[in-house]
file run_10.cif (mmCIF, C-alpha atoms)
data_upload
#
loop_
_atom_site.label_atom_id
_atom_site.label_comp_id
_atom_site.auth_asym_id
_atom_site.auth_seq_id
_atom_site.Cartn_x
_atom_site.Cartn_y
_atom_site.Cartn_z
CA MET A 1322 84.68 101.96 89.25
CA PHE A 1323 84.82 100.40 92.72
CA LEU A 1324 87.20 103.13 93.92
CA ALA A 1325 84.96 105.80 92.38
CA ASP A 1326 81.97 104.30 94.21
CA LYS A 1327 83.85 104.60 97.50
CA ALA A 1328 84.93 108.21 96.86
CA SER A 1329 83.17 111.44 97.79
CA ASP A 1330 81.86 113.71 95.02
CA ASP A 1331 85.22 115.49 94.84
CA GLY A 1332 87.09 112.16 94.54
CA SER A 1333 88.48 112.18 98.09
CA GLY A 1334 88.05 109.87 101.07
CA ILE A 1335 88.77 106.48 99.49
CA TRP A 1336 89.58 104.24 102.43
CA CYS A 1337 89.57 100.54 101.65
CA SER A 1338 92.25 97.87 101.75
CA LYS A 1339 93.50 96.00 98.69
CA GLY A 1340 91.93 92.86 100.18
CA THR A 1341 88.53 94.59 100.16
CA ILE A 1342 89.02 95.70 96.55
CA GLN A 1343 90.05 92.18 95.56
CA ARG A 1344 87.03 90.64 97.30
CA HIS A 1345 84.47 92.96 95.70
CA THR A 1346 85.94 93.04 92.20
CA GLU A 1347 86.81 89.30 92.15
CA LEU A 1348 90.25 90.16 90.76
CA GLY A 1349 93.51 88.53 91.74
CA GLU A 1350 95.73 90.08 94.41
CA THR A 1351 98.55 90.72 91.93
CA THR A 1352 96.14 92.34 89.46
CA VAL A 1353 94.79 94.70 92.13
CA LYS A 1354 98.29 95.70 93.28
CA ARG A 1355 99.44 96.26 89.71
CA ALA A 1356 96.38 98.38 88.90
CA MET A 1357 96.82 100.51 92.04
CA ARG A 1358 100.49 101.08 91.23
CA ALA A 1359 99.58 102.09 87.67
CA PHE A 1360 96.91 104.54 88.90
CA LEU A 1361 99.39 106.13 91.31
CA LYS A 1362 102.09 106.34 88.64
CA GLU A 1363 99.68 108.01 86.18
CA GLY A 1364 98.46 110.43 88.85
CA ILE A 1365 94.87 109.20 88.66
CA LEU A 1366 95.12 108.23 92.33
CA VAL A 1367 96.84 110.36 94.97
CA GLU A 1368 97.76 109.26 98.50
CA THR A 1369 96.37 111.76 101.01
CA GLY A 1370 97.12 110.11 104.33
CA ALA A 1371 96.50 106.99 106.40
CA ARG A 1372 93.87 105.76 108.84
CA THR A 1373 94.36 103.25 111.61
CA CYS A 1374 92.58 99.91 111.47
CA LYS A 1375 92.75 96.59 113.30
CA ASN A 1376 95.66 95.42 111.15
CA GLY A 1377 97.67 98.63 111.47
CA PHE A 1378 96.71 101.31 108.97
CA THR A 1379 95.06 101.76 105.59
CA VAL A 1380 96.22 104.31 103.04
CA VAL A 1381 93.64 106.98 102.12
CA TYR A 1382 93.44 107.86 98.43
CA ARG A 1383 91.87 110.60 96.33
CA ILE A 1384 90.88 110.36 92.65
CA ASP A 1385 92.29 113.31 90.69
CA LEU A 1386 89.19 114.33 88.73
CA ALA A 1387 91.22 116.58 86.41
CA LYS A 1388 93.35 113.58 85.40
CA VAL A 1389 90.24 111.49 84.77
CA GLU A 1390 88.72 114.24 82.62
CA ALA A 1391 91.91 114.33 80.55
CA LEU A 1392 91.79 110.59 79.78
CA GLU A 1393 91.07 109.49 76.26
CA PRO A 1394 87.34 108.69 75.86
CA THR A 1395 86.42 105.07 75.18
CA ALA A 1396 82.89 105.65 73.87
CA GLU A 1397 82.36 106.50 70.23
CA PRO A 1398 80.88 109.95 69.60
CA GLU A 1399 77.17 110.16 68.92
CA ILE A 1400 76.40 110.83 65.27
CA GLU A 1401 73.29 112.84 64.48
CA THR A 1402 71.67 111.00 61.57
CA GLY A 1403 68.15 112.36 61.67
CA SER A 1404 64.95 110.34 61.70
CA THR A 1405 64.54 107.44 59.29
CA VAL A 1406 61.80 104.93 58.67
CA ALA A 1407 63.93 102.15 60.12
CA PRO A 1408 66.48 103.81 62.45
CA VAL A 1409 68.27 100.54 63.30
CA GLN A 1410 70.12 99.11 60.30
CA SER A 1411 72.26 96.03 60.12
CA GLY A 1412 74.29 97.24 57.16
CA PRO A 1413 75.11 100.44 55.28
CA GLY A 1414 72.06 102.64 54.98
CA LYS A 1415 70.44 102.22 51.59
CA GLY A 1416 66.75 102.76 52.30
CA ALA A 1417 64.90 106.01 51.92
CA THR A 1418 64.25 108.33 54.85
CA VAL A 1419 61.02 110.18 55.51
CA ALA A 1420 62.30 113.00 53.27
CA GLY A 1421 63.19 110.54 50.51
CA VAL A 1422 66.94 111.03 50.94
CA PRO A 1423 69.11 107.91 51.30
CA GLY A 1424 70.21 107.22 54.88
CA PRO A 1425 73.79 107.72 55.98
CA PRO A 1426 76.32 104.93 55.62
CA ARG A 1427 77.20 102.85 58.66
CA PRO A 1428 79.74 104.83 60.74
CA PRO A 1429 83.25 103.37 60.60
CA ASN A 1430 85.14 102.27 63.67
CA HIS A 1431 86.36 105.17 65.74
CA PRO A 1432 90.03 105.76 64.80
CA LYS A 1433 91.10 105.86 68.44
CA THR A 1434 90.04 102.25 68.91
CA ILE A 1435 92.52 101.06 66.30
CA HIS A 1436 95.77 100.09 67.95
CA LYS A 1437 98.66 101.24 65.84
CA PRO A 1438 101.57 98.84 65.50
CA PRO A 1439 104.66 99.80 67.49
CA THR A 1440 107.07 102.05 65.64
CA ARG A 1441 110.64 100.99 64.99
CA LYS A 1442 111.80 103.61 67.45
CA ARG A 1443 109.58 102.17 70.20
CA GLU A 1444 110.68 98.62 69.39
CA ALA A 1445 114.34 99.65 69.53
CA ALA A 1446 113.79 101.29 72.93
CA ALA A 1447 112.09 98.13 74.26
CA ASN A 1448 114.92 95.96 72.93
CA GLU A 1449 117.48 98.22 74.58
CA GLU A 1450 115.65 98.02 77.93
CA ALA A 1451 115.44 94.23 77.68
CA GLU A 1452 119.17 93.98 76.91
CA ARG A 1453 119.96 96.19 79.92
CA ILE A 1454 117.83 94.04 82.22
CA LEU A 1455 119.35 90.77 80.99
CA ALA A 1456 122.87 92.20 81.38
CA ALA A 1457 122.26 92.39 85.15
CA TYR A 1458 121.71 88.61 85.38
CA PRO A 1459 124.74 86.67 86.71
CA PRO A 1460 126.82 86.03 83.55
CA ASP A 1461 127.76 82.47 84.51
CA ARG A 1462 124.05 81.50 84.44
CA LEU A 1463 123.00 83.10 81.17
CA ARG A 1464 121.38 80.74 78.70
CA ASN A 1465 119.19 81.10 75.59
CA LYS A 1466 119.45 84.87 75.25
CA ALA A 1467 116.68 85.15 72.63
CA ALA A 1468 114.13 83.39 74.86
CA CYS A 1469 115.12 85.56 77.83
CA LEU A 1470 114.71 88.79 75.87
CA ALA A 1471 111.30 87.63 74.59
CA GLN A 1472 110.11 86.92 78.15
CA ILE A 1473 111.39 90.30 79.38
CA GLU A 1474 109.62 92.15 76.55
CA GLU A 1475 106.42 90.21 77.27
CA ALA A 1476 106.59 91.25 80.94
CA MET A 1477 107.03 94.90 79.94
CA LYS A 1478 104.02 94.64 77.62
CA GLU A 1479 101.99 93.48 80.64
CA GLY A 1480 102.84 96.79 82.30
CA ILE A 1481 105.81 95.81 84.45
CA ALA A 1482 108.15 98.81 84.66
CA PRO A 1483 111.64 98.14 83.24
CA GLU A 1484 113.26 99.59 86.38
CA ASP A 1485 111.26 97.16 88.55
CA LEU A 1486 112.42 94.22 86.43
CA LEU A 1487 116.00 95.45 86.57
CA GLN A 1488 115.88 95.74 90.36
CA ALA A 1489 114.34 92.26 90.57
CA VAL A 1490 117.24 90.78 88.57
CA GLN A 1491 119.78 92.67 90.66
CA ALA A 1492 118.13 91.49 93.90
CA TYR A 1493 118.18 87.87 92.72
CA ALA A 1494 121.84 88.20 91.71
CA THR A 1495 122.65 89.44 95.23
CA ASP A 1496 120.54 86.78 96.98
CA SER A 1497 122.07 83.92 94.97
CA ALA A 1498 125.67 85.13 95.00
CA GLY A 1499 126.81 82.29 97.28
CA PHE A 1500 124.76 79.52 95.65
CA THR A 1501 126.47 76.41 94.33
CA ARG A 1502 125.92 75.52 90.69
CA SER A 1503 123.35 72.88 91.61
CA LYS A 1504 121.14 75.52 93.28
CA VAL A 1505 121.29 78.32 90.73
CA CYS A 1506 118.62 78.98 88.12
CA PHE A 1507 119.58 79.57 84.52
CA SER A 1508 118.24 82.77 83.01
CA ASP A 1509 115.82 81.21 80.51
CA ASN A 1510 114.09 79.18 83.26
CA TRP A 1511 114.14 82.14 85.67
CA PHE A 1512 112.28 84.42 83.25
CA LEU A 1513 110.03 81.66 81.89
CA THR A 1514 108.79 80.73 85.38
CA ARG A 1515 108.38 84.43 86.22
CA ARG A 1516 110.52 84.19 89.34
CA TRP A 1517 111.02 87.95 89.08
CA LEU A 1518 107.38 88.49 90.10
CA ALA A 1519 108.02 87.88 93.82
CA TYR A 1520 110.77 90.50 93.80
CA VAL A 1521 108.61 93.03 91.94
CA GLU A 1522 105.74 92.54 94.40
CA LYS A 1523 108.14 92.88 97.35
CA GLN A 1524 109.44 96.16 95.89
CA ALA A 1525 105.87 97.45 95.50
CA GLU A 1526 104.99 96.46 99.08
CA ASP A 1527 108.11 98.21 100.39
CA ARG A 1528 107.19 101.36 98.47
CA GLU A 1529 103.64 101.25 99.83
CA LYS A 1530 104.90 100.85 103.39
CA THR A 1531 107.31 103.74 102.93
CA ALA A 1532 104.56 105.91 101.45
CA ALA A 1533 102.17 105.00 104.29
CA LEU A 1534 104.80 105.80 106.93
CA GLN A 1535 105.52 109.10 105.22
CA ALA A 1536 101.79 109.90 105.06
CA ASP A 1537 101.45 109.08 108.76
CA HIS A 1538 104.43 111.31 109.58
CA HIS A 1539 103.00 114.16 107.51
CA ALA A 1540 99.64 113.78 109.27
CA ARG A 1541 101.43 114.13 112.63
CA LEU A 1542 103.27 117.24 111.44
CA ALA A 1543 99.98 118.70 110.20
CA CYS A 1544 98.49 118.20 113.67
CA TRP A 1545 101.43 120.07 115.21
CA ILE A 1546 100.87 122.96 112.82
CA SER A 1547 97.10 123.13 113.31
CA ASP A 1548 97.61 123.05 117.12
CA ARG A 1549 100.53 125.52 116.88
CA SER A 1550 102.56 123.09 118.96
CA PRO A 1551 106.05 124.05 120.18
CA MET A 1552 107.22 120.99 118.21
CA CYS A 1553 106.71 123.03 115.02
CA LYS A 1554 110.23 124.37 115.43
CA HIS A 1555 111.53 120.95 114.38
CA ILE A 1556 109.67 121.01 111.04
CA THR A 1557 112.02 121.66 108.12
CA GLY A 1558 111.39 123.78 105.05
CA THR A 1559 111.29 120.66 102.86
CA GLN A 1560 108.58 119.18 105.08
CA VAL A 1561 106.59 122.43 104.94
CA THR A 1562 106.71 122.29 101.12
CA ALA A 1563 105.55 118.66 101.14
CA LEU A 1564 102.69 119.44 103.55
CA LEU A 1565 101.48 122.32 101.39
CA ALA A 1566 101.67 120.15 98.26
CA SER A 1567 99.60 117.43 99.94
CA LYS A 1568 97.06 120.08 101.05
CA LEU A 1569 97.16 118.80 104.63
CA VAL A 1570 97.70 122.37 105.81
CA SER A 1571 97.08 125.80 104.34
CA GLU A 1572 99.43 128.73 103.85
CA ALA A 1573 97.57 130.59 106.60
CA GLN A 1574 98.13 127.72 109.07
CA ILE A 1575 101.82 127.65 108.20
CA GLN A 1576 102.13 131.39 108.89
CA ALA A 1577 100.10 131.13 112.12
CA ALA A 1578 102.42 128.39 113.40
CA GLY A 1579 105.39 130.71 112.84
CA LEU A 1580 106.83 128.79 109.90
CA GLY A 1581 108.04 130.34 106.66
CA SER A 1582 106.38 129.17 103.43
#
call {"tool": "encode", "arguments": {"input": "run_10.cif", "output": "structure tokens"}}
result
Amino acid sequence: MFLADKASDDGSGIWCSKGTIQRHTELGETTVKRAMRAFLKEGILVETGARTCKNGFTVVYRIDLAKVEALEPTAEPEIETGSTVAPVQSGPGKGATVAGVPGPPRPPNHPKTIHKPPTRKREAAANEEAERILAAYPPDRLRNKAACLAQIEEAMKEGIAPEDLLQAVQAYATDSAGFTRSKVCFSDNWFLTRRWLAYVEKQAEDREKTAALQADHHARLACWISDRSPMCKHITGTQVTALLASKLVSEAQIQAAGLGS
């Protein structure tokens, strides 16, 4: 809702740092980063560029209104019940209406609000992912496999992507390759104390930096095209496709700059 408040009517022009979002929503830094990553992954948010600020640059986002419209509604549908003598009832309607017809029964819970238990197929997939992640942990430090798998599955339920967890384990294995036995961390303690979180956050920060640099580079290329700069000859076909997809330039501008679509 905070991002929507900052956006224009078409969902564009969201320019605020994660620190600003954290301060106004009173959420934790990790929660804000996780939510932003989830919005980007689902396509609800789209990166459209970057703007300079005193600390470097801030990524500019756009809310994809079509994606928002396609989301599952959270409000229960309104039920037309007609006028009764006492419209508000604390239990199933038993009293008579103005027309002398018994009132409607209390509407049941909306079926979409009932969380279905995970299917065996989904559970098997989660177990397989957890096994794959644990297999990347240094084998000489494995301990209490059942507890490790439970912690991994709990992390995935919180929304941590399996690939991010796997990369975190692999990064720790690389970092600690030369550790003596007195300095290593056994797997059950490593997952229990959530030591993977620092690696996951570092991966997310690296991705954000890469995306921001790419957005800045695309913005520079778009300026070349709009100005019909001689530097346009260095723009590749792949970059042209990416610029068109990001809507930083139009097909007409591409043609005017002497570039093929």
call {"tool": "atom_distance", "arguments": {"input": "run_10.cif", "atom1": "atom CA of Val1490 of chain A", "atom2": "atom CA of Arg1516 of chain A"}}
result
9.4 Å
call {"tool": "closest_atom_pairs", "arguments": {"input": "run_10.cif", "of": "segment 1445-1533 of chain A", "to": "segment 1346-1369 of chain A", "cutoff": "12 Å", "atoms": "only C-alpha atoms", "output": "CSV"}}
result
residue,atom,partner,partner_atom,distance
A:Glu1479,CA,A:Arg1355,CA,9.8
A:Gly1480,CA,A:Arg1355,CA,8.2
A:Ile1481,CA,A:Arg1355,CA,8.3
A:Ala1482,CA,A:Ala1359,CA,9.7
A:Asp1485,CA,A:Arg1358,CA,11.8
A:Leu1518,CA,A:Thr1351,CA,9.3
A:Ala1519,CA,A:Thr1351,CA,10.1
A:Val1521,CA,A:Arg1355,CA,10.0
A:Glu1522,CA,A:Thr1351,CA,7.8
A:Lys1523,CA,A:Lys1354,CA,11.0
A:Gln1524,CA,A:Arg1358,CA,11.2
A:Ala1525,CA,A:Arg1358,CA,7.8
A:Glu1526,CA,A:Lys1354,CA,8.9
A:Arg1528,CA,A:Arg1358,CA,9.9
A:Glu1529,CA,A:Arg1358,CA,9.2
A:Thr1531,CA,A:Glu1368,CA,11.9
A:Ala1532,CA,A:Glu1368,CA,8.1
A:Ala1533,CA,A:Glu1368,CA,8.4
call {"tool": "closest_residue", "arguments": {"input": "run_10.cif", "among": "A:Arg1549, A:Arg1515, A:Arg1462, A:Lys1478", "to": "Ser1497 of chain A", "atoms": "only C-alpha atoms"}}
result
A:Arg1462
call {"tool": "closest_residue", "arguments": {"input": "run_10.cif", "among": "A:Pro1483, A:Gly1579, A:Gly1558, A:Pro1459", "to": "Thr1495 of chain A", "atoms": "only C-alpha atoms"}}
result
A:Pro1459
call {"tool": "resolve_selection", "arguments": {"input": "run_10.cif", "expression": "the PyMOL selection byres ((chain A and resi 1451-1454) around 12)", "output": "PyMOL selection string"}}
result
chain A and resi 1444-1450+1455-1459+1466-1478+1481-1492+1494+1508+1512+1517
call {"tool": "axis_aligned_box", "arguments": {"input": "run_10.cif", "around": "segment 1363-1375 of chain A", "padding_each_side": "8 Å", "output": "AutoDock Vina command-line options"}}
result
--center_x 96.1 --center_y 104.2 --center_z 99.7 --size_x 23.1 --size_y 31.2 --size_z 43.1
call {"tool": "atom_distance", "arguments": {"input": "run_10.cif", "atom1": "atom CA of Ala1387 of chain A", "atom2": "atom CA of Val1561 of chain A"}}
result
24.8 Å
call {"tool": "closest_residue", "arguments": {"input": "run_10.cif", "among": "A:Ala1371, A:Ile1556, A:Leu1463, A:Ala1536", "to": "Trp1511 of chain A", "atoms": "only C-alpha atoms"}}
result
A:Leu1463
call {"tool": "build_atoms", "arguments": {"input": "run_10.cif", "residues": "segment 1536-1560 of chain A", "atoms": "N, CA, C and O atoms", "output": "compact mmCIF listing (two decimals), in the coordinates of the input"}}
result
# COMPACT_ATOMS: atom_id res chain seq x y z
N ALA A 1536 103.10 109.25 104.92
CA ALA A 1536 101.79 109.90 105.06
C ALA A 1536 101.42 110.05 106.53
O ALA A 1536 100.89 111.09 106.95
N ASP A 1537 101.73 109.02 107.33
CA ASP A 1537 101.45 109.08 108.76
C ASP A 1537 102.28 110.17 109.43
O ASP A 1537 101.79 110.92 110.29
N HIS A 1538 103.55 110.28 109.03
CA HIS A 1538 104.43 111.31 109.58
C HIS A 1538 103.94 112.70 109.20
O HIS A 1538 103.90 113.61 110.05
N HIS A 1539 103.52 112.87 107.95
CA HIS A 1539 103.00 114.16 107.51
C HIS A 1539 101.72 114.53 108.26
O HIS A 1539 101.50 115.70 108.59
N ALA A 1540 100.88 113.52 108.53
CA ALA A 1540 99.64 113.78 109.27
C ALA A 1540 99.96 114.28 110.68
O ALA A 1540 99.29 115.17 111.21
N ARG A 1541 101.02 113.70 111.29
CA ARG A 1541 101.43 114.13 112.63
C ARG A 1541 101.95 115.57 112.60
O ARG A 1541 101.63 116.38 113.46
N LEU A 1542 102.75 115.87 111.57
CA LEU A 1542 103.27 117.24 111.44
C LEU A 1542 102.13 118.24 111.23
O LEU A 1542 102.16 119.36 111.76
N ALA A 1543 101.12 117.82 110.44
CA ALA A 1543 99.98 118.70 110.20
C ALA A 1543 99.23 119.00 111.49
O ALA A 1543 98.75 120.13 111.70
N CYS A 1544 99.15 117.99 112.38
CA CYS A 1544 98.49 118.20 113.67
C CYS A 1544 99.27 119.21 114.51
O CYS A 1544 98.69 120.07 115.18
N TRP A 1545 100.59 119.11 114.48
CA TRP A 1545 101.43 120.07 115.21
C TRP A 1545 101.15 121.49 114.73
O TRP A 1545 101.01 122.42 115.52
N ILE A 1546 101.07 121.62 113.39
CA ILE A 1546 100.87 122.96 112.82
C ILE A 1546 99.49 123.49 113.15
O ILE A 1546 99.34 124.66 113.54
N SER A 1547 98.47 122.66 113.02
CA SER A 1547 97.10 123.13 113.31
C SER A 1547 96.94 123.48 114.79
O SER A 1547 96.16 124.37 115.14
N ASP A 1548 97.69 122.78 115.68
CA ASP A 1548 97.61 123.05 117.12
C ASP A 1548 98.62 124.11 117.56
O ASP A 1548 98.65 124.47 118.74
N ARG A 1549 99.45 124.57 116.58
CA ARG A 1549 100.53 125.52 116.88
C ARG A 1549 101.42 125.02 118.02
O ARG A 1549 101.76 125.74 118.96
N SER A 1550 101.76 123.75 117.92
CA SER A 1550 102.56 123.09 118.96
C SER A 1550 103.99 123.64 118.96
O SER A 1550 104.53 124.02 117.91
N PRO A 1551 104.63 123.65 120.12
CA PRO A 1551 106.05 124.05 120.18
C PRO A 1551 106.94 123.14 119.34
O PRO A 1551 108.05 123.53 118.97
N MET A 1552 106.44 121.94 119.03
CA MET A 1552 107.22 120.99 118.21
C MET A 1552 107.37 121.48 116.77
O MET A 1552 108.18 120.94 116.01
N CYS A 1553 106.63 122.50 116.39
CA CYS A 1553 106.71 123.03 115.02
C CYS A 1553 108.12 123.50 114.67
O CYS A 1553 108.49 123.53 113.49
N LYS A 1554 108.89 123.86 115.70
CA LYS A 1554 110.23 124.37 115.43
C LYS A 1554 111.14 123.31 114.81
O LYS A 1554 112.20 123.61 114.26
N HIS A 1555 110.73 122.04 114.94
CA HIS A 1555 111.53 120.95 114.38
C HIS A 1555 111.14 120.63 112.93
O HIS A 1555 111.76 119.76 112.31
N ILE A 1556 110.12 121.28 112.42
CA ILE A 1556 109.67 121.01 111.04
C ILE A 1556 110.57 121.77 110.07
O ILE A 1556 110.76 122.97 110.19
N THR A 1557 111.10 121.05 109.09
CA THR A 1557 112.02 121.66 108.12
C THR A 1557 111.27 122.31 106.96
O THR A 1557 110.07 122.06 106.76
N GLY A 1558 111.99 123.12 106.21
CA GLY A 1558 111.39 123.78 105.05
C GLY A 1558 110.93 122.78 104.01
O GLY A 1558 109.88 122.97 103.37
N THR A 1559 111.67 121.70 103.82
CA THR A 1559 111.29 120.66 102.86
C THR A 1559 109.97 120.01 103.27
O THR A 1559 109.10 119.74 102.44
N GLN A 1560 109.82 119.78 104.58
CA GLN A 1560 108.58 119.18 105.08
C GLN A 1560 107.40 120.14 104.93
O GLN A 1560 106.28 119.70 104.61
